[in-house]
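J.: Next comes work22.cif, mmCIF, C-alpha atoms:
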data_start
#
loop_
_atom_site.label_atom_id
_atom_site.label_comp_id
_atom_site.auth_asym_id
_atom_site.auth_seq_id
_atom_site.Cartn_x
_atom_site.Cartn_y
_atom_site.Cartn_z
CA MET A 27 22.88 -4.01 -8.38
CA ASN A 28 21.00 -4.05 -11.66
CA PRO A 29 20.89 -7.69 -12.90
CA LEU A 30 21.41 -6.44 -16.47
CA GLN A 31 24.68 -4.68 -15.61
CA GLN A 32 26.95 -7.33 -17.15
CA LEU A 33 25.00 -7.22 -20.42
CA TYR A 34 25.51 -3.47 -20.57
CA GLU A 35 29.25 -3.83 -20.03
CA VAL A 36 29.49 -6.26 -22.96
CA ALA A 37 27.47 -3.89 -25.12
CA GLY A 38 29.69 -0.92 -24.28
CA ALA A 39 26.65 1.05 -23.10
CA GLY A 40 27.07 4.46 -21.55
CA LEU A 41 25.62 4.86 -18.06
CA MET A 42 24.27 7.93 -16.29
CA PRO A 43 23.06 8.60 -12.73
CA TYR A 44 19.35 9.27 -12.30
CA GLY A 45 17.97 11.02 -9.25
CA GLN A 46 18.99 10.49 -5.67
CA ALA A 47 17.49 8.40 -2.94
CA GLU A 48 15.89 10.24 -0.06
CA GLY A 49 18.40 10.65 2.73
CA GLY A 50 21.31 11.01 0.30
CA GLY A 51 21.59 7.45 -1.01
CA ASP A 52 23.18 6.52 -4.30
CA ALA A 53 21.52 7.39 -7.58
CA VAL A 54 20.13 4.70 -9.85
CA GLU A 55 22.22 4.14 -12.99
CA LEU A 56 20.45 4.20 -16.35
CA VAL A 57 21.77 3.44 -19.81
CA ASP A 58 22.01 6.79 -21.61
CA THR A 59 22.75 5.24 -25.02
CA PHE A 60 24.09 2.06 -26.57
CA GLY A 61 26.21 4.20 -28.90
CA ALA A 62 23.60 4.81 -31.59
CA TYR A 63 21.27 7.54 -30.32
CA GLU A 64 19.76 8.36 -33.71
CA ALA A 65 19.00 4.70 -34.44
CA GLU A 66 17.60 4.22 -30.95
CA TYR A 67 15.25 7.16 -31.39
CA ALA A 68 14.23 5.93 -34.85
CA ALA A 69 13.37 2.55 -33.34
CA VAL A 70 10.89 4.21 -30.96
CA ARG A 71 9.15 5.90 -33.87
CA LYS A 72 9.36 3.16 -36.52
CA SER A 73 9.63 -0.21 -34.75
CA VAL A 74 10.29 -0.59 -31.02
CA GLY A 75 12.88 0.29 -28.40
CA LEU A 76 13.51 -1.97 -25.41
CA MET A 77 14.36 0.03 -22.29
CA ASP A 78 15.31 -1.06 -18.81
CA GLN A 79 13.77 1.39 -16.31
CA PRO A 80 15.32 0.68 -12.88
CA GLN A 81 14.14 4.11 -11.67
CA ARG A 82 10.61 2.73 -11.45
CA GLY A 83 9.47 1.13 -8.19
CA VAL A 84 6.42 -0.83 -7.05
CA VAL A 85 4.29 -0.63 -3.91
CA GLU A 86 2.00 -3.61 -3.33
CA VAL A 87 -1.33 -3.10 -1.53
CA THR A 88 -3.27 -6.19 -0.41
CA GLY A 89 -6.21 -6.97 1.85
CA ALA A 90 -10.01 -7.00 1.55
CA ASP A 91 -10.31 -3.23 2.16
CA ARG A 92 -7.57 -2.11 -0.22
CA VAL A 93 -9.91 -0.75 -2.94
CA ASP A 94 -11.82 1.56 -0.60
CA PHE A 95 -8.61 2.50 1.22
CA LEU A 96 -6.81 3.69 -1.92
CA HIS A 97 -9.93 5.45 -3.16
CA ARG A 98 -9.99 7.54 0.02
CA LEU A 99 -6.36 8.60 -0.34
CA LEU A 100 -5.62 9.09 -4.06
CA THR A 101 -6.81 11.86 -6.37
CA HIS A 102 -8.49 9.60 -8.92
CA ASP A 103 -11.44 7.24 -8.75
CA THR A 104 -9.93 3.82 -8.06
CA LYS A 105 -13.08 2.31 -6.54
CA THR A 106 -14.66 1.64 -9.93
CA LEU A 107 -11.62 -0.17 -11.30
CA VAL A 108 -12.12 -3.84 -12.08
CA PRO A 109 -9.20 -6.29 -12.26
CA GLY A 110 -7.20 -5.55 -15.39
CA GLN A 111 -7.85 -1.80 -15.33
CA GLY A 112 -5.62 1.01 -14.12
CA ARG A 113 -5.53 4.77 -13.56
CA ARG A 114 -2.99 7.48 -12.97
CA ALA A 115 -3.35 9.37 -9.69
CA PHE A 116 -1.49 11.56 -7.24
CA LEU A 117 -0.91 11.02 -3.55
CA LEU A 118 -1.09 14.47 -1.96
CA SER A 119 -0.11 16.02 1.31
CA LYS A 120 -2.78 17.70 3.42
CA ALA A 121 -1.65 20.98 1.85
CA GLY A 122 -2.47 19.60 -1.61
CA ARG A 123 1.18 19.18 -2.70
CA ILE A 124 2.23 16.12 -4.67
CA GLU A 125 3.85 13.33 -2.67
CA ALA A 126 3.88 10.81 -5.54
CA ASP A 127 2.74 10.32 -9.13
CA VAL A 128 1.28 6.81 -9.25
CA LEU A 129 -0.03 4.32 -11.79
CA VAL A 130 -2.62 2.17 -10.01
CA LEU A 131 -2.93 -1.34 -11.50
CA GLN A 132 -5.89 -3.17 -9.98
CA GLU A 133 -5.55 -6.95 -9.86
CA ALA A 134 -7.95 -9.52 -8.38
CA GLU A 135 -5.92 -10.02 -5.18
CA ARG A 136 -3.86 -6.85 -4.95
CA ALA A 137 -3.19 -3.38 -6.32
CA LEU A 138 0.22 -2.49 -7.68
CA LEU A 139 1.32 1.14 -7.48
CA VAL A 140 3.98 1.86 -10.10
CA LEU A 141 5.95 4.97 -9.15
CA GLU A 142 9.43 6.44 -8.86
CA CYS A 143 11.56 4.06 -6.81
CA TYR A 144 12.92 6.90 -4.68
CA VAL A 145 9.51 7.72 -3.20
CA ALA A 146 8.27 4.13 -2.73
CA GLY A 147 9.41 3.89 0.90
CA ARG A 148 7.91 7.24 1.81
CA VAL A 149 4.62 6.33 0.11
CA VAL A 150 4.45 3.15 2.19
CA GLY A 151 4.99 5.24 5.31
CA GLU A 152 2.34 7.79 4.32
CA LEU A 153 -0.24 5.12 3.54
CA ASP A 154 0.50 3.34 6.80
CA LYS A 155 -0.38 6.54 8.69
CA TYR A 156 -3.97 6.24 7.52
CA LEU A 157 -4.38 2.58 8.44
CA PHE A 158 -6.50 1.91 11.51
CA SER A 159 -8.68 -1.19 11.56
CA GLU A 160 -8.79 -1.76 7.79
CA ASP A 161 -7.79 -5.10 6.33
CA VAL A 162 -4.94 -3.61 4.28
CA LYS A 163 -1.23 -4.33 4.03
CA VAL A 164 1.17 -2.01 2.23
CA ARG A 165 4.75 -2.87 1.36
CA ASP A 166 7.57 -1.66 -0.86
CA ALA A 167 8.04 -4.40 -3.47
CA SER A 168 10.51 -2.43 -5.62
CA GLY A 169 13.33 -4.88 -4.90
CA GLU A 170 11.31 -7.72 -6.41
CA PHE A 171 10.64 -6.19 -9.83
CA LEU A 172 12.48 -4.65 -12.76
CA GLN A 173 10.45 -2.72 -15.32
CA LEU A 174 11.26 -3.47 -18.95
CA SER A 175 9.52 -1.21 -21.44
CA LEU A 176 8.76 -1.57 -25.15
CA HIS A 177 8.40 1.93 -26.58
CA GLY A 178 7.05 2.14 -30.11
CA PRO A 179 4.44 0.71 -32.47
CA GLY A 180 6.12 -2.71 -32.72
CA GLY A 181 5.86 -3.70 -29.05
CA GLY A 182 3.00 -6.12 -29.57
CA ALA A 183 4.79 -7.87 -32.43
CA VAL A 184 7.88 -8.36 -30.24
CA LEU A 185 5.82 -9.92 -27.48
CA GLU A 186 4.14 -12.24 -29.97
CA GLY A 187 7.56 -13.10 -31.39
CA ALA A 188 8.69 -13.96 -27.87
CA GLY A 189 5.82 -16.44 -27.60
CA VAL A 190 3.75 -14.38 -25.18
CA GLU A 191 0.13 -15.50 -25.04
CA GLY A 192 -2.40 -12.78 -24.29
CA ALA A 193 -0.28 -10.01 -25.79
CA GLY A 194 -3.29 -8.57 -27.64
CA PRO A 195 -4.45 -4.95 -27.47
CA LEU A 196 -4.84 -3.26 -24.10
CA ASP A 197 -6.64 -0.07 -23.16
CA ALA A 198 -4.63 2.72 -21.55
CA LEU A 199 -3.24 1.37 -18.27
CA GLY A 200 -4.93 -1.94 -18.93
CA HIS A 201 -2.87 -4.87 -17.71
CA ARG A 202 -2.73 -8.65 -17.44
CA ARG A 203 -0.39 -11.37 -16.28
CA VAL A 204 1.65 -13.03 -19.02
CA ALA A 205 4.59 -15.39 -19.30
CA VAL A 206 7.77 -14.18 -21.02
CA ALA A 207 10.66 -16.60 -21.48
CA GLY A 208 8.83 -18.88 -19.05
CA GLN A 209 8.57 -16.21 -16.34
CA ALA A 210 5.37 -14.73 -14.92
CA CYS A 211 5.25 -10.97 -15.52
CA VAL A 212 2.69 -8.18 -15.31
CA LEU A 213 2.12 -6.51 -18.69
CA PHE A 214 0.56 -3.03 -18.80
CA ARG A 215 0.10 -0.30 -21.36
CA TRP A 216 1.17 3.31 -20.91
CA ASP A 217 1.91 5.37 -24.01
CA GLU A 218 4.66 7.60 -22.64
CA THR A 219 6.31 8.34 -25.99
CA GLY A 220 3.20 8.75 -28.12
CA ASP A 221 3.73 5.67 -30.29
CA GLY A 222 2.61 2.87 -28.01
CA GLY A 223 4.07 1.73 -24.74
CA LEU A 224 4.00 -1.81 -23.35
CA HIS A 225 5.68 -2.41 -20.01
CA LEU A 226 6.61 -5.56 -18.12
CA LEU A 227 7.06 -5.85 -14.37
CA VAL A 228 9.57 -8.69 -14.35
CA PRO A 229 10.79 -10.70 -11.35
CA ARG A 230 14.19 -9.15 -10.74
CA GLY A 231 15.98 -12.47 -10.53
CA GLU A 232 14.66 -13.48 -13.96
CA ALA A 233 15.26 -10.17 -15.72
CA VAL A 234 18.24 -11.36 -17.77
CA GLY A 235 16.28 -14.25 -19.29
CA VAL A 236 13.29 -12.06 -20.10
CA TYR A 237 15.50 -9.32 -21.56
CA ARG A 238 17.31 -11.85 -23.76
CA GLY A 239 13.97 -13.33 -24.85
CA LEU A 240 12.75 -9.92 -25.99
CA LEU A 241 16.01 -9.24 -27.80
CA GLY A 242 15.69 -12.57 -29.56
CA ALA A 243 12.21 -11.60 -30.80
CA MET A 244 13.86 -8.54 -32.35
CA GLY A 245 16.39 -10.75 -34.12
CA ILE A 246 19.25 -9.77 -31.79
CA ASP A 247 21.32 -12.78 -30.72
CA SER A 248 24.35 -10.90 -29.42
CA LEU A 249 24.26 -7.76 -27.32
CA SER A 250 27.62 -6.55 -28.56
CA GLU A 251 28.80 -3.05 -29.38
CA GLU A 252 29.37 -4.07 -33.00
CA VAL A 253 25.79 -5.31 -33.43
CA LEU A 254 24.16 -2.36 -31.66
CA THR A 255 26.00 0.35 -33.58
CA GLY A 256 25.37 -1.37 -36.92
CA SER A 257 22.53 -0.66 -39.33
CA GLY A 258 21.04 -4.13 -39.65
CA LEU A 259 18.48 -3.97 -36.82
CA THR A 260 15.02 -3.44 -38.31
CA ARG A 261 12.64 -5.11 -35.84
CA GLY A 262 13.76 -3.10 -32.84
CA ARG A 263 16.74 -2.49 -30.58
CA PRO A 264 17.63 -1.70 -26.97
CA ILE A 265 17.52 2.01 -26.20
CA GLY A 266 18.73 4.32 -23.48
CA TRP A 267 17.47 7.40 -21.69
CA LEU A 268 18.50 9.89 -24.39
CA ALA A 269 16.26 8.40 -27.09
CA TYR A 270 13.41 7.83 -24.62
CA ASN A 271 13.69 11.37 -23.25
CA THR A 272 13.50 12.92 -26.72
CA ALA A 273 10.42 10.86 -27.56
CA ARG A 274 8.58 11.52 -24.28
CA ILE A 275 9.20 15.29 -24.50
CA GLU A 276 7.84 15.29 -28.06
CA ALA A 277 4.78 13.46 -26.70
CA GLY A 278 4.42 16.00 -23.89
CA GLN A 279 4.80 13.48 -21.07
CA PRO A 280 6.03 15.22 -17.90
CA ILE A 281 7.98 13.32 -15.25
CA PHE A 282 7.69 13.75 -11.49
CA HIS A 283 10.82 15.30 -9.93
CA ILE A 284 11.87 16.59 -13.36
CA ASP A 285 9.00 18.67 -14.76
CA PHE A 286 7.04 19.06 -11.53
CA GLY A 287 7.86 18.08 -7.98
CA ALA A 288 6.89 17.89 -4.35
CA ASP A 289 6.21 21.64 -4.26
CA SER A 290 3.69 21.34 -7.12
CA LEU A 291 -0.09 21.33 -7.03
CA PRO A 292 -2.05 19.02 -9.38
CA HIS A 293 -3.34 22.01 -11.38
CA GLU A 294 0.25 22.95 -12.24
CA THR A 295 1.30 19.62 -13.78
CA GLY A 296 -0.38 19.64 -17.18
CA VAL A 297 -1.89 16.20 -16.48
CA LEU A 298 -4.76 17.31 -14.22
CA ASP A 299 -7.48 15.64 -16.30
CA GLU A 300 -5.53 12.39 -16.43
CA ALA A 301 -4.71 12.15 -12.73
CA VAL A 302 -7.56 13.84 -10.85
CA SER A 303 -11.29 13.09 -10.60
CA PHE A 304 -13.66 15.89 -9.63
CA THR A 305 -16.65 13.58 -9.18
CA LYS A 306 -15.29 11.20 -6.54
CA GLY A 307 -15.50 11.69 -2.79
CA CYS A 308 -12.95 13.12 -0.40
CA TYR A 309 -9.24 12.31 -0.36
CA VAL A 310 -6.17 13.76 1.30
CA GLY A 311 -5.59 17.28 -0.04
CA GLN A 312 -8.97 17.36 -1.79
CA GLU A 313 -10.10 20.69 -0.30
CA VAL A 314 -7.12 22.50 -1.83
CA VAL A 315 -7.69 20.92 -5.24
CA ALA A 316 -11.44 21.61 -5.21
CA ARG A 317 -10.99 25.22 -4.08
CA MET A 318 -8.56 25.91 -6.91
CA GLN A 319 -10.83 24.23 -9.44
CA ASN A 320 -13.90 26.19 -8.37
CA LEU A 321 -12.57 29.53 -7.20
CA GLY A 322 -9.32 30.29 -8.94
CA HIS A 323 -6.32 29.07 -10.86
CA PRO A 324 -2.71 28.13 -10.08
CA LYS A 325 0.08 30.69 -10.03
CA ARG A 326 1.99 28.65 -12.61
CA VAL A 327 1.44 25.76 -15.01
CA LEU A 328 3.50 23.40 -17.15
CA VAL A 329 3.45 24.19 -20.89
CA GLY A 330 5.33 23.36 -24.06
CA LEU A 331 7.71 25.76 -25.80
CA ARG A 332 8.54 25.69 -29.53
CA PHE A 333 11.61 27.30 -31.05
CA GLU A 334 12.50 28.12 -34.64
CA ASP A 335 15.87 26.36 -34.86
CA ASP A 336 18.04 23.82 -33.06
CA ARG A 337 19.53 26.10 -30.41
CA LEU A 338 18.71 24.17 -27.26
CA PRO A 339 17.90 25.76 -23.89
CA ILE A 340 18.91 23.53 -21.01
CA ALA A 341 16.82 22.57 -18.01
CA GLY A 342 16.82 25.38 -15.47
CA SER A 343 17.11 28.15 -18.07
CA GLN A 344 14.98 31.18 -17.30
CA VAL A 345 12.01 31.87 -19.53
CA LEU A 346 11.60 35.59 -20.21
CA ALA A 347 8.60 37.48 -21.49
CA ALA A 348 9.04 38.72 -25.05
CA GLU A 349 8.18 42.34 -25.77
CA PRO A 350 4.91 42.62 -27.69
CA GLU A 351 5.18 42.78 -31.48
CA GLY A 352 6.16 46.22 -32.63
CA GLY A 353 8.17 46.84 -29.51
CA GLY A 354 11.58 46.78 -31.18
CA GLY A 355 12.34 43.08 -30.91
CA SER A 356 13.86 43.15 -27.42
CA THR A 357 12.55 41.39 -24.33
CA SER A 358 10.66 42.84 -21.43
CA GLY A 359 13.25 41.23 -19.17
CA GLN A 360 10.59 39.83 -16.87
CA VAL A 361 11.27 36.26 -15.71
CA ILE A 362 8.07 34.29 -16.22
CA GLY A 363 9.24 30.73 -15.69
CA ALA A 364 11.92 28.11 -16.18
CA VAL A 365 12.65 25.26 -18.58
CA THR A 366 12.22 21.81 -17.01
CA SER A 367 13.10 19.53 -19.98
CA SER A 368 14.29 20.14 -23.53
CA THR A 369 15.33 18.32 -26.68
CA VAL A 370 15.94 18.77 -30.37
CA SER A 371 12.94 17.16 -32.06
CA PRO A 372 13.52 14.96 -35.11
CA MET A 373 9.75 14.91 -35.69
CA LEU A 374 9.77 18.71 -36.05
CA GLY A 375 12.65 18.92 -38.49
CA GLY A 376 15.43 19.26 -35.93
CA LYS A 377 13.95 22.23 -34.07
CA ALA A 378 14.25 22.61 -30.32
CA VAL A 379 11.26 22.09 -28.03
CA ALA A 380 10.94 22.23 -24.27
CA LEU A 381 8.63 21.78 -21.33
CA ALA A 382 8.58 24.74 -18.96
CA MET A 383 6.82 25.86 -15.80
CA VAL A 384 5.52 29.39 -16.45
CA LYS A 385 3.37 31.96 -14.67
CA TRP A 386 -0.37 31.87 -15.18
CA GLY A 387 -1.42 34.47 -17.73
CA VAL A 388 1.50 33.81 -20.06
CA HIS A 389 0.61 30.13 -20.41
CA ARG A 390 -1.73 30.52 -23.39
CA GLU A 391 -0.74 29.03 -26.72
CA GLY A 392 1.04 31.43 -29.02
CA THR A 393 2.46 33.65 -26.27
CA GLY A 394 5.94 34.82 -27.22
CA VAL A 395 8.90 34.04 -24.96
CA VAL A 396 12.68 34.42 -24.99
CA VAL A 397 15.06 31.86 -23.49
CA PRO A 398 18.88 31.76 -23.20
CA ALA A 399 20.34 28.98 -25.36
CA GLU A 400 23.94 28.35 -26.39
CA GLY A 401 25.06 31.82 -25.38
CA GLN A 402 22.23 33.67 -27.14
CA LEU A 403 18.65 34.69 -26.51
CA VAL A 404 16.29 32.70 -28.72
CA GLY A 405 12.63 33.40 -29.36
CA GLY A 406 9.90 30.85 -28.97
CA ARG A 407 6.17 30.36 -28.54
CA VAL A 408 4.08 28.72 -25.86
CA SER A 409 2.45 25.50 -27.04
CA GLY A 410 0.38 22.71 -25.59
CA LEU A 411 2.38 19.97 -23.86
CA GLY A 412 2.32 17.53 -26.77
CA PHE A 413 4.18 18.44 -29.95
CA LEU A 414 3.27 15.41 -32.09
CA GLY A 415 0.51 15.96 -34.62
CA ARG A 416 0.36 19.71 -34.01
#
Show me this structure written as structure tokens.

T.:
Amino acid sequence: MNPLQQLYEVAGAGLMPYGQAEGGGDAVELVDTFGAYEAEYAAVRKSVGLMDQPQRGVVEVTGADRVDFLHRLLTHDTKTLVPGQGRRAFLLSKAGRIEADVLVLQEAERALLVLECYVAGRVVGELDKYLFSEDVKVRDASGEFLQLSLHGPGGGAVLEGAGVEGAGPLDALGHRRVAVAGQACVLFRWDETGDGGLHLLVPRGEAVGVYRGLLGAMGIDSLSEEVLTGSGLTRGRPIGWLAYNTARIEAGQPIFHIDFGADSLPHETGVLDEAVSFTKGCYVGQEVVARMQNLGHPKRVLVGLRFEDDRLPIAGSQVLAAEPEGGGGSTSGQVIGAVTSSTVSPMLGGKAVALAMVKWGVHREGTGVVVPAEGQLVGGRVSGLGFLGR
């Protein structure tokens, strides 16, 4: 059970299921909103939003050979990481398909792999398969941590207000150990929403105290429905999935098992440059990745879609090819992809945007598309993944 559950009940927060454990287990419950979606989204853009992310898990890798071991298995160069640095990488199958999307945080005595909690157990099993005589131990530590995230430009100020020493600037995926409300936590940076992202791996048993400490630094003494739906919160507020999801789609941040999945190749994800190194040595699935890089291209790729109004296509909607200009304004009828995530973007004046997996050849920016939305066919254009600043 989430240790913050009772706080959410007092606050009148809405809850939603997220994903499903392998083997048919129960879904994790996330807060969807605390009853003030617009204010929660505004906090991400103007101050800071505090989000509990119980869907995130942690795999701990220890032992003298751990650095070389991970380097031989993951798609990115982890051998050159020094303590306090991190990288995003994929764990692939031998066929080059994605088993996990991983943030590798290298510490002096261990590496922490931050990933979706549902795949943590399988990742431990996959890594164990490649262990022979190496001095490496791999274990699922998801039950020991809860990830609390500060999305927005004011995250650093909140940590300072909470008395956190060493809360100064961090490079992307840089991390350090800090104390929050007297509890030892791992702080790392990952800008998922485009406006700064500071994340804490908190001992699960101490999560309530840390969460309250962060709220206090925002000037929130009572996590009540009346306080959270009011207009007096200026230094930040707790947020739910809906506000976070809008902000991360605007920032073009795809999520494993939502925008790409276990049937995807790295070249299809839109984050190839971030998660794959083409100068490191061999790793599991490397031949497939290298062959595609040097000899061809994927059959499909994740892109952004922009629309002209607020009619919102839902995830799973077919993306159709638009007839070329001058062709009478109808569609060609050819299915060229599917929407994976969508939102109405406040940063773009209330227009709809989406992430979609589309066929190669129609993935170029400016390509016209047509998508069903709210009972009609709406026209749009292919864009890069990120919509902010474009």

J.: The PyMOL selection byres ((chain A and resi 118-130) around 10) on the file shown: which residues, as a PyMOL selection string?

T.: chain A and resi 84-86+96+99-102+104+107+111-117+131-133+137-142+144-146+148-149+152+199+216+281-283+286-292+295+301+309-316

J.: So the first atom is CA of Gly258 (chain A) and the second is CA of Glu276 (chain A); what is the distance between them in Å, to one decimal place?

T.: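 Between CA of Gly258 (chain A) and CA of Glu276 (chain A) the gap works out to 26.2 Å.
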
J.: Residues picked by the PyMOL selection byres ((chain A and resi 407) around 8) here, as a count of residues only?

T.: 12

J.: Applying the PyMOL selection byres ((chain A and resi 279) around 9) to the file I just gave you, which residues come out? Please list them as a ChimeraX atom specification.

T.: /A:218-220,273-278,280-281,296-297,411-412

J.: Could those residues be written to a file, using C-alpha atoms, as an mmCIF file, in the frame of the given file?

T.:
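Generated output (selection17.cif):
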data_model
loop_
_atom_site.group_PDB
_atom_site.id
_atom_site.type_symbol
_atom_site.label_atom_id
_atom_site.label_comp_id
_atom_site.auth_asym_id
_atom_site.auth_seq_id
_atom_site.Cartn_x
_atom_site.Cartn_y
_atom_site.Cartn_z
ATOM 1 C CA GLU A 218 4.660 7.600 -22.640
ATOM 2 C CA THR A 219 6.310 8.340 -25.990
ATOM 3 C CA GLY A 220 3.200 8.750 -28.120
ATOM 4 C CA ALA A 273 10.420 10.860 -27.560
ATOM 5 C CA ARG A 274 8.580 11.520 -24.280
ATOM 6 C CA ILE A 275 9.200 15.290 -24.500
ATOM 7 C CA GLU A 276 7.840 15.290 -28.060
ATOM 8 C CA ALA A 277 4.780 13.460 -26.700
ATOM 9 C CA GLY A 278 4.420 16.000 -23.890
ATOM 10 C CA PRO A 280 6.030 15.220 -17.900
ATOM 11 C CA ILE A 281 7.980 13.320 -15.250
ATOM 12 C CA GLY A 296 -0.380 19.640 -17.180
ATOM 13 C CA VAL A 297 -1.890 16.200 -16.480
ATOM 14 C CA LEU A 411 2.380 19.970 -23.860
ATOM 15 C CA GLY A 412 2.320 17.530 -26.770
#

J.: Between A:Pro179, A:Arg326, A:Ala188, A:Ala341, which is the closest to Gly387 (chain A) once you count all atoms listed in the file?

T.: A:Arg326
